[in-house]
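Asker: Have a peek at model_19.txt (compact mmCIF, C-alpha atoms).
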```
# COMPACT_ATOMS: atom_id res chain seq x y z
CA MET A 1 0.00 0.00 0.00
CA LEU A 2 1.02 3.60 -0.56
CA THR A 3 0.06 6.51 1.68
CA ILE A 4 0.47 10.14 0.63
CA GLY A 5 0.74 13.12 2.93
CA ARG A 6 1.75 14.46 6.26
CA VAL A 7 4.92 13.59 8.10
CA GLY A 8 6.60 15.21 11.07
CA VAL A 9 8.43 14.83 14.33
CA ASP A 10 6.19 14.64 17.39
CA LEU A 11 7.55 15.99 20.66
CA TYR A 12 5.71 14.63 23.69
CA PRO A 13 6.11 16.05 27.22
CA GLU A 14 7.87 13.78 29.65
CA GLN A 15 5.81 15.46 32.39
CA SER A 16 2.14 14.54 31.93
CA GLY A 17 -0.87 16.60 32.94
CA VAL A 18 0.84 20.00 32.91
CA PRO A 19 0.62 22.87 30.40
CA LEU A 20 3.44 23.36 27.92
CA ALA A 21 4.75 26.31 29.94
CA ARG A 22 5.55 23.91 32.77
CA VAL A 23 7.05 21.09 30.69
CA ARG A 24 10.78 20.58 31.30
CA SER A 25 11.65 17.91 28.71
CA PHE A 26 10.25 16.19 25.63
CA ALA A 27 10.62 12.81 23.92
CA LYS A 28 10.92 12.61 20.13
CA PHE A 29 8.74 10.32 17.96
CA LEU A 30 7.82 9.85 14.32
CA GLY A 31 4.40 11.27 13.45
CA GLY A 32 2.03 12.57 10.79
CA THR A 33 -1.26 10.99 9.69
CA ALA A 34 -0.22 9.36 6.42
CA THR A 35 3.06 8.24 7.98
CA ASN A 36 1.39 6.71 11.02
CA VAL A 37 -1.06 4.77 8.85
CA ALA A 38 1.81 3.30 6.84
CA VAL A 39 3.58 2.30 10.07
CA ALA A 40 0.40 0.78 11.49
CA ALA A 41 -0.10 -1.34 8.38
CA ALA A 42 3.53 -2.45 8.42
CA ARG A 43 3.15 -3.56 12.04
CA LEU A 44 0.36 -5.84 10.83
CA GLY A 45 2.58 -7.39 8.17
CA ARG A 46 1.65 -5.27 5.17
CA ARG A 47 4.14 -3.88 2.67
CA SER A 48 3.76 -0.13 2.89
CA ALA A 49 5.40 3.01 1.58
CA VAL A 50 4.79 6.71 2.13
CA LEU A 51 5.04 9.51 -0.42
CA THR A 52 5.97 12.70 1.39
CA LYS A 53 8.74 15.28 1.83
CA VAL A 54 10.99 16.47 4.63
CA GLY A 55 13.54 19.22 5.04
CA PRO A 56 17.33 18.90 4.56
CA ASP A 57 17.92 18.62 8.30
CA GLY A 58 18.51 16.17 11.10
CA PHE A 59 14.80 15.69 11.68
CA GLY A 60 14.43 14.69 8.03
CA ASP A 61 17.18 12.11 8.53
CA PHE A 62 15.33 10.88 11.63
CA VAL A 63 12.11 10.42 9.60
CA ARG A 64 13.82 8.20 7.02
CA ILE A 65 15.67 6.17 9.65
CA ALA A 66 12.52 5.67 11.73
CA LEU A 67 10.46 4.61 8.72
CA ARG A 68 13.00 1.98 7.75
CA GLU A 69 13.15 0.70 11.32
CA PHE A 70 9.37 0.32 11.26
CA GLY A 71 9.58 -1.62 8.00
CA VAL A 72 8.11 1.15 5.82
CA ASP A 73 9.60 1.90 2.40
CA ALA A 74 11.18 5.37 2.66
CA SER A 75 12.37 5.59 -0.95
CA HIS A 76 9.58 8.04 -1.84
CA VAL A 77 10.41 10.52 0.92
CA GLY A 78 11.74 13.54 -0.94
CA THR A 79 13.51 16.67 0.25
CA ALA A 80 12.27 20.27 0.04
CA PRO A 81 15.61 22.15 0.03
CA ASP A 82 14.45 25.45 1.54
CA LEU A 83 12.04 24.15 4.18
CA ALA A 84 12.31 22.55 7.62
CA THR A 85 10.92 19.17 8.61
CA PRO A 86 7.70 19.86 10.55
CA VAL A 87 7.73 19.63 14.33
CA VAL A 88 4.62 19.16 16.47
CA PHE A 89 4.47 19.78 20.22
CA CYS A 90 1.82 17.86 22.13
CA GLU A 91 0.31 19.04 25.40
CA LEU A 92 -0.96 15.99 27.31
CA HIS A 93 -3.70 17.97 28.99
CA PRO A 94 -6.40 16.68 28.60
CA PRO A 95 -5.10 13.23 27.58
CA ALA A 96 -8.16 12.18 25.54
CA ASP A 97 -7.85 15.14 23.15
CA PRO A 98 -4.45 16.78 23.64
CA PRO A 99 -3.87 20.20 22.07
CA LEU A 100 -1.24 20.31 19.32
CA LEU A 101 1.16 23.10 18.41
CA PHE A 102 2.27 22.72 14.77
CA TYR A 103 5.45 24.26 13.35
CA ARG A 104 4.90 24.03 9.59
CA ALA A 105 5.63 27.60 8.43
CA PRO A 106 5.86 28.99 5.83
CA ILE A 107 4.61 25.68 4.38
CA ALA A 108 5.24 22.06 5.25
CA PRO A 109 7.45 20.07 2.86
CA ASP A 110 4.69 17.46 2.42
CA LEU A 111 2.47 20.18 0.91
CA THR A 112 5.06 20.89 -1.80
CA LEU A 113 4.62 17.53 -3.56
CA THR A 114 4.49 17.93 -7.34
CA PRO A 115 3.69 15.45 -10.12
CA ASP A 116 7.44 14.95 -10.60
CA ASP A 117 7.60 13.46 -7.08
CA VAL A 118 4.89 10.85 -7.73
CA PRO A 119 5.79 7.21 -8.48
CA TRP A 120 3.10 6.87 -11.12
CA ASP A 121 3.72 3.17 -11.72
CA ILE A 122 2.93 2.50 -8.05
CA VAL A 123 -0.16 4.70 -8.17
CA ASP A 124 -1.37 2.56 -11.08
CA SER A 125 -0.60 -0.82 -9.54
CA VAL A 126 -0.71 -0.65 -5.73
CA PRO A 127 -3.71 -2.52 -4.29
CA LEU A 128 -4.47 0.22 -1.73
CA LEU A 129 -3.81 3.95 -2.05
CA TRP A 130 -4.37 6.21 0.98
CA VAL A 131 -4.76 10.00 0.70
CA THR A 132 -5.84 12.66 3.19
CA GLY A 133 -7.91 15.82 3.37
CA THR A 134 -4.87 17.71 4.61
CA GLY A 135 -3.19 16.87 1.32
CA VAL A 136 -5.44 19.34 -0.51
CA SER A 137 -5.10 22.18 2.00
CA ALA A 138 -2.46 23.98 -0.11
CA GLU A 139 -0.80 24.02 -3.50
CA PRO A 140 1.10 22.38 -5.10
CA ALA A 141 0.10 19.26 -3.14
CA ARG A 142 -3.59 19.99 -3.82
CA GLY A 143 -3.22 19.72 -7.58
CA THR A 144 -0.84 16.79 -7.26
CA GLN A 145 -3.22 14.75 -5.12
CA ARG A 146 -6.09 15.49 -7.47
CA ALA A 147 -3.97 14.32 -10.41
CA VAL A 148 -3.13 11.14 -8.51
CA LEU A 149 -6.79 10.38 -7.82
CA GLU A 150 -7.84 11.12 -11.39
CA ARG A 151 -5.13 8.78 -12.67
CA ARG A 152 -6.08 6.15 -10.11
CA ALA A 153 -9.74 6.24 -11.23
CA ARG A 154 -10.98 4.42 -8.11
CA ARG A 155 -8.99 1.27 -8.92
CA GLY A 156 -8.39 -1.21 -6.13
CA TYR A 157 -8.96 0.39 -2.76
CA THR A 158 -8.65 4.16 -3.05
CA VAL A 159 -9.09 5.50 0.47
CA LEU A 160 -9.70 9.07 1.64
CA ASP A 161 -8.92 9.82 5.27
CA LEU A 162 -10.83 13.09 5.77
CA ASP A 163 -8.19 14.24 8.31
CA TYR A 164 -9.65 17.71 8.87
CA ARG A 165 -7.36 19.98 10.91
CA PRO A 166 -8.81 23.51 11.27
CA MET A 167 -5.37 25.11 11.67
CA PHE A 168 -4.44 24.07 8.11
CA TRP A 169 -7.40 25.85 6.50
CA PRO A 170 -8.57 29.49 6.13
CA GLY A 171 -12.11 28.38 6.95
CA GLU A 172 -14.44 25.39 7.04
CA GLU A 173 -16.20 26.33 3.81
CA VAL A 174 -12.93 26.21 1.88
CA ALA A 175 -12.16 22.85 3.43
CA ARG A 176 -15.61 21.54 2.49
CA THR A 177 -15.10 22.56 -1.13
CA GLU A 178 -11.63 21.08 -1.48
CA ILE A 179 -12.13 17.90 0.54
CA GLY A 180 -15.62 17.37 -0.85
CA SER A 181 -14.26 17.45 -4.40
CA LEU A 182 -12.23 14.31 -3.65
CA LEU A 183 -15.28 12.17 -2.89
CA ASP A 184 -15.97 11.50 -6.56
CA HIS A 185 -12.54 9.88 -6.95
CA VAL A 186 -12.34 7.46 -4.00
CA ASN A 187 -14.20 4.31 -2.98
CA VAL A 188 -13.51 4.22 0.78
CA VAL A 189 -13.91 7.19 3.13
CA VAL A 190 -13.06 7.32 6.83
CA GLY A 191 -13.54 10.20 9.26
CA ASN A 192 -15.00 11.27 12.58
CA ARG A 193 -18.22 13.23 13.07
CA THR A 194 -16.57 16.62 12.67
CA GLU A 195 -14.76 15.49 9.54
CA VAL A 196 -17.87 14.12 7.83
CA ARG A 197 -19.70 17.35 8.66
CA VAL A 198 -16.99 19.27 6.85
CA ALA A 199 -17.04 16.86 3.89
CA VAL A 200 -20.78 16.35 3.38
CA GLY A 201 -22.52 18.90 5.61
CA THR A 202 -23.88 16.73 8.43
CA ASP A 203 -22.41 15.13 11.55
CA ASP A 204 -25.24 12.62 11.85
CA PRO A 205 -23.42 9.32 11.17
CA HIS A 206 -26.18 7.63 9.19
CA ALA A 207 -27.03 10.72 7.14
CA ALA A 208 -23.34 11.29 6.44
CA ALA A 209 -22.93 7.67 5.34
CA ASP A 210 -25.92 8.07 3.01
CA ARG A 211 -24.38 11.15 1.42
CA LEU A 212 -20.99 9.48 1.00
CA LEU A 213 -22.52 6.39 -0.61
CA ALA A 214 -24.54 8.61 -2.93
CA ARG A 215 -21.25 10.01 -4.24
CA GLY A 216 -20.10 6.57 -5.34
CA VAL A 217 -18.17 5.61 -2.21
CA ARG A 218 -18.41 1.84 -1.64
CA LEU A 219 -17.48 1.84 2.05
CA ALA A 220 -18.18 4.70 4.47
CA VAL A 221 -16.64 4.64 7.95
CA VAL A 222 -17.76 7.19 10.57
CA LYS A 223 -15.88 7.17 13.88
CA CYS A 224 -18.24 8.22 16.68
CA GLY A 225 -15.99 8.28 19.74
CA ALA A 226 -17.72 6.81 22.78
CA ASP A 227 -20.59 5.70 20.52
CA GLY A 228 -18.34 3.36 18.53
CA VAL A 229 -17.95 3.19 14.75
CA LEU A 230 -20.52 3.13 11.97
CA ILE A 231 -19.45 1.26 8.84
CA ALA A 232 -21.79 1.31 5.85
CA THR A 233 -22.11 -0.10 2.34
CA ALA A 234 -24.96 0.27 -0.14
CA ALA A 235 -26.31 -3.09 1.04
CA ASP A 236 -25.96 -2.92 4.82
CA ARG A 237 -24.47 -1.09 7.80
CA TRP A 238 -23.20 -1.93 11.27
CA THR A 239 -22.37 -0.05 14.46
CA VAL A 240 -19.42 -1.47 16.38
CA PRO A 241 -19.23 -0.53 20.08
CA PRO A 242 -16.05 1.03 21.49
CA CYS A 243 -13.38 -0.97 23.34
CA PRO A 244 -13.17 0.13 26.99
CA ILE A 245 -9.62 1.30 27.75
CA GLU A 246 -7.86 3.81 29.98
CA VAL A 247 -6.84 6.71 27.76
CA VAL A 248 -3.22 7.78 28.05
CA CYS A 249 -3.08 9.86 24.85
CA GLY A 250 -5.77 10.05 22.19
CA LEU A 251 -3.35 11.12 19.48
CA GLY A 252 -2.68 8.51 16.82
CA ALA A 253 -5.70 6.38 17.68
CA GLY A 254 -7.36 7.26 14.37
CA ASP A 255 -4.17 6.37 12.50
CA GLY A 256 -3.96 3.02 14.25
CA PHE A 257 -7.57 2.50 13.23
CA GLY A 258 -6.63 3.46 9.67
CA GLY A 259 -3.73 1.04 9.39
CA ALA A 260 -5.91 -1.79 10.68
CA LEU A 261 -8.69 -0.75 8.29
CA ALA A 262 -6.23 -0.99 5.39
CA HIS A 263 -5.05 -4.38 6.63
CA GLY A 264 -8.62 -5.69 6.79
CA LEU A 265 -9.47 -4.38 3.34
CA LEU A 266 -6.41 -6.06 1.83
CA ALA A 267 -7.25 -9.27 3.66
CA GLY A 268 -10.71 -9.29 2.09
CA TRP A 269 -12.56 -9.27 5.41
CA ASP A 270 -16.23 -8.35 5.70
CA PRO A 271 -16.98 -4.76 6.85
CA HIS A 272 -18.12 -5.70 10.35
CA ARG A 273 -14.93 -7.65 11.05
CA ILE A 274 -12.82 -4.80 9.67
CA ALA A 275 -14.50 -2.22 11.89
CA THR A 276 -14.23 -4.41 14.98
CA TYR A 277 -10.53 -5.06 14.39
CA ALA A 278 -9.73 -1.44 13.54
CA ASN A 279 -11.64 -0.22 16.60
CA ALA A 280 -9.48 -2.42 18.82
CA ALA A 281 -6.30 -1.17 17.14
CA GLY A 282 -7.30 2.44 17.75
CA ALA A 283 -8.12 1.72 21.38
CA LEU A 284 -4.69 0.20 21.97
CA VAL A 285 -2.98 3.29 20.56
CA ALA A 286 -5.08 5.54 22.81
CA SER A 287 -3.90 3.53 25.81
CA ARG A 288 -0.26 4.38 25.02
CA LEU A 289 1.97 7.40 24.60
CA ALA A 290 3.13 8.39 21.07
CA CYS A 291 1.77 7.70 17.60
CA ALA A 292 3.95 5.63 15.26
CA ASP A 293 5.69 3.87 18.15
CA ALA A 294 2.32 2.98 19.69
CA MET A 295 0.92 1.07 16.69
CA PRO A 296 -0.12 -2.43 17.81
CA THR A 297 0.78 -5.84 16.46
CA ALA A 298 -1.79 -8.36 15.27
CA ALA A 299 -1.25 -10.42 18.44
CA GLU A 300 -2.00 -7.42 20.65
CA ILE A 301 -5.20 -6.65 18.76
CA GLU A 302 -6.37 -10.26 18.92
CA GLU A 303 -5.65 -10.36 22.65
CA LEU A 304 -7.78 -7.26 23.27
CA LEU A 305 -10.62 -8.68 21.17
CA CYS A 306 -10.57 -11.86 23.24
CA THR A 307 -10.88 -10.09 26.60
```
For the structure just supplied, provide its representation as structure tokens.

Answerer:
Amino acid sequence: MLTIGRVGVDLYPEQSGVPLARVRSFAKFLGGTATNVAVAAARLGRRSAVLTKVGPDGFGDFVRIALREFGVDASHVGTAPDLATPVVFCELHPPADPPLLFYRAPIAPDLTLTPDDVPWDIVDSVPLLWVTGTGVSAEPARGTQRAVLERRARRGYTVLDLDYRPMFWPGEEVARTEIGSLLDHVNVVVGNRTEVRVAVGTDDPHAAADRLLARGVRLAVVKCGADGVLIATAADRWTVPPCPIEVVCGLGAGDGFGGALAHGLLAGWDPHRIATYANAAGALVASRLACADAMPTAAEIEELLCT
């Protein structure tokens, strides 16, 4: 599988439950939605690669080294010569939904992807392609991702992670226009209630699923927090209850869910099994600190499902 989009270095406080002003030290981890999904899939035994860019700095070197150590193909990680690798500070307060402080100015390297950076042969042949809403928040990545989806023409599994981050957009209406335009080019969509509201204008899970399916999406996945996950096809739909866990850090849970979702799709599982498995993967990540490093193995997911 190939994921396209955001990468960065996550800095987590080593003192939990205090504001950033009181934090004395941080631990460094690999992060970024598309990157985390690729790592999560690799942890489950899938061959994965990420198409992104970093800066010509030590953090960029760290990204490539970390990806390889996680078993993710880093050969499509380019370099934006005049930009810095993004850094994200996390404030573990509150732990379920920690505030993030992004350093991506004047623009993140991953948003400078051009058609010349794209491995078009892989876009044509890979069984699962994963793109994000953040990927169309700025040019030239916006036009590049659109070109990728048009070329892909909904072959195989073409997945859109809505990944709406308000700080990356001038306003919700702009985000709705740009993210919504991608729906006609993908066959699987995953997002939470806020993200589906931005994409299709409603945060009601069933209504949102109806609108996504009406756009030609074959599988709609709406994450509903404490209310579980709705997964819908044209023929049927299921609501999977949440897995009870003690939340340590909610960051990365959606990416763990995404990697497990990709794994289930590639395995040919039925939608209910996919949602149940992905829900457990996301719960395990939320019970740990960090994103990429927290992605679970298949044995860990199976153990949680058996409890």

Asker: Suppose you want the space between CA of Gly78 (chain A) and CA of Ala175 (chain A); what is it in Å?

Answerer: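 Rounded to one decimal, the two atoms are 26.0 Å apart.
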
Asker: With distances taken over only C-alpha atoms, which of A:Arg47, A:Arg6, A:His185, A:Arg193 is nearest to Arg215 (chain A)?

Answerer: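 Selected residue with least distance to Arg215 (chain A): A:His185.
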
Asker: Could you produce a table of the residues of region 210-301 of chain A lying within 12 Å of region 160-164 of chain A, with the nearest pair of atoms per residue and their separation in Å rounded to one decimal, using all atoms listed in the file, ordered by chain and increasing residue number, as a tab-separated table?

Answerer:
```
residue	atom	partner	partner_atom	distance
A:Leu212	CA	A:Leu160	CA	11.3
A:Val217	CA	A:Leu160	CA	9.9
A:Arg218	CA	A:Leu160	CA	11.8
A:Leu219	CA	A:Leu160	CA	10.6
A:Ala220	CA	A:Leu160	CA	10.0
A:Val221	CA	A:Asp161	CA	9.7
A:Val222	CA	A:Leu162	CA	10.3
A:Lys223	CA	A:Leu162	CA	11.2
A:Gly252	CA	A:Asp163	CA	11.6
A:Gly254	CA	A:Asp163	CA	9.3
A:Asp255	CA	A:Asp161	CA	9.3
A:Phe257	CA	A:Asp161	CA	10.9
A:Gly258	CA	A:Asp161	CA	8.1
A:Gly259	CA	A:Asp161	CA	11.0
A:Leu261	CA	A:Asp161	CA	11.0
A:Ala262	CA	A:Asp161	CA	11.1
```

Asker: Can you work out the spacing between CA of Tyr157 (chain A) and CA of Ala38 (chain A) in Å, to one decimal?

Answerer: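 For CA of Tyr157 (chain A) relative to CA of Ala38 (chain A), the distance reads 14.7 Å.
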
Asker: Could you jot down the CA of Ala141 (chain A) to CA of Val189 (chain A) separation for me, Å, one decimal place?

Answerer: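 Atom-to-atom, CA of Ala141 (chain A) and CA of Val189 (chain A) are spaced 19.5 Å apart.
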
Asker: Identify which of the residues A:Asn192, A:Thr202, A:Thr33, A:Thr144 lies closest to Val229 (chain A), counting only C-alpha atoms when measuring atom-to-atom distances.

Answerer: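 Between A:Asn192, A:Thr202, A:Thr33, A:Thr144, the residue approaching Val229 (chain A) most closely is A:Asn192.
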
Asker: Counting all atoms listed in the file, what is within 10 Å of Ala290 (chain A), bar same-chain residues fewer than 4 positions away, as a PyMOL selection string?

Answerer: chain A and resi 10-12+27-31+90+248-253+285-286+294-295

Asker: Given all atoms listed in the file as the basis, pick out the residue of A:Thr3, A:Arg197, A:Cys291, A:Arg104 nearest to Gln145 (chain A).

Answerer: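 The answer is A:Thr3, which sits nearest to Gln145 (chain A).
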
Asker: Return the single residue from A:Ala234, A:Val88, A:Val72, A:Ala66 that is closest to Val37 (chain A), with distances computed using all atoms listed in the file.

Answerer: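 Result for the nearest residue to Val37 (chain A): A:Val72.
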
Asker: For Arg176 (chain A), please output as an mmCIF file with C-alpha atoms, in the coordinates of the input all residues within 10 Å (counting all atoms listed in the file; exclusion window: fewer than 5 positions along the same chain).

Answerer:
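File part39.cif, as written:
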```cif
data_model
loop_
_atom_site.group_PDB
_atom_site.id
_atom_site.type_symbol
_atom_site.label_atom_id
_atom_site.label_comp_id
_atom_site.auth_asym_id
_atom_site.auth_seq_id
_atom_site.Cartn_x
_atom_site.Cartn_y
_atom_site.Cartn_z
ATOM 1 C CA GLY A 133 -7.910 15.820 3.370
ATOM 2 C CA TYR A 164 -9.650 17.710 8.870
ATOM 3 C CA GLY A 171 -12.110 28.380 6.950
ATOM 4 C CA SER A 181 -14.260 17.450 -4.400
ATOM 5 C CA GLU A 195 -14.760 15.490 9.540
ATOM 6 C CA VAL A 196 -17.870 14.120 7.830
ATOM 7 C CA ARG A 197 -19.700 17.350 8.660
ATOM 8 C CA VAL A 198 -16.990 19.270 6.850
ATOM 9 C CA ALA A 199 -17.040 16.860 3.890
ATOM 10 C CA VAL A 200 -20.780 16.350 3.380
ATOM 11 C CA GLY A 201 -22.520 18.900 5.610
#
```

Asker: Using all atoms listed in the file, which of A:Ala260, A:Leu2, A:Leu67, A:Ala292 sits nearest Asp121 (chain A)?

Answerer: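 Using all atoms listed in the file, the shortest distance to Asp121 (chain A) belongs to A:Leu2.
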
Asker: In terms of the shortest atom-to-atom distance over all atoms listed in the file, which of A:Leu51, A:Leu83, A:Ala105, A:Leu92 is closest to Phe168 (chain A)?

Answerer: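 Counting all atoms listed in the file, the residue closest to Phe168 (chain A) is A:Ala105.
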
Asker: If you count all atoms listed in the file, which residues fall within 8 Å of Ala275 (chain A), apart from same-chain ones fewer than 3 positions away, as a ChimeraX atom specification?

Answerer: /A:229,231,240,261,271-272,278-279

Asker: In the coordinates of the file, take the point (-6.1, 20.6, 2.6) and a cut-off of 7 Å; then, counting all atoms listed in the file, name each qualifying protein, DNA or RNA residue as a ChimeraX atom specification.

Answerer: /A:133-138,142,168-169,175,178-179

Asker: Could you pull the residues within 10 Å of Lys53 (chain A), counting all atoms listed in the file, minus those fewer than 3 positions along the same chain, as a list of chain:residue names?

Answerer: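 Skipping anything fewer than 3 positions along the chain leaves A:Ile4, A:Gly5, A:Arg6, A:Val7, A:Gly8, A:Val50, A:Pro56, A:Gly60, A:Val63, A:His76, A:Val77, A:Gly78, A:Thr79, A:Ala80, A:Pro81, A:Leu83, A:Ala84, A:Thr85, A:Pro86, A:Ala108, A:Pro109, A:Asp110, A:Leu111, A:Thr112, A:Leu113, A:Asp117.
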
Asker: Which residues are near Val123 (chain A)? Cut-off 12 Å, all atoms listed in the file, ignore same chain within fewer than 5 positions. Put them as a list in words.

Answerer: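 In the requested form, the answer reads Met1, Leu2, Thr3, Ile4, Ala49, Val50, Leu51, Pro115, Asp117, Val118, Leu128, Leu129, Trp130, Val131, Gln145, Ala147, Val148, Leu149, Glu150, Arg151, Arg152, Ala153, Arg154, Arg155, Gly156, Tyr157 and Thr158 of chain A.
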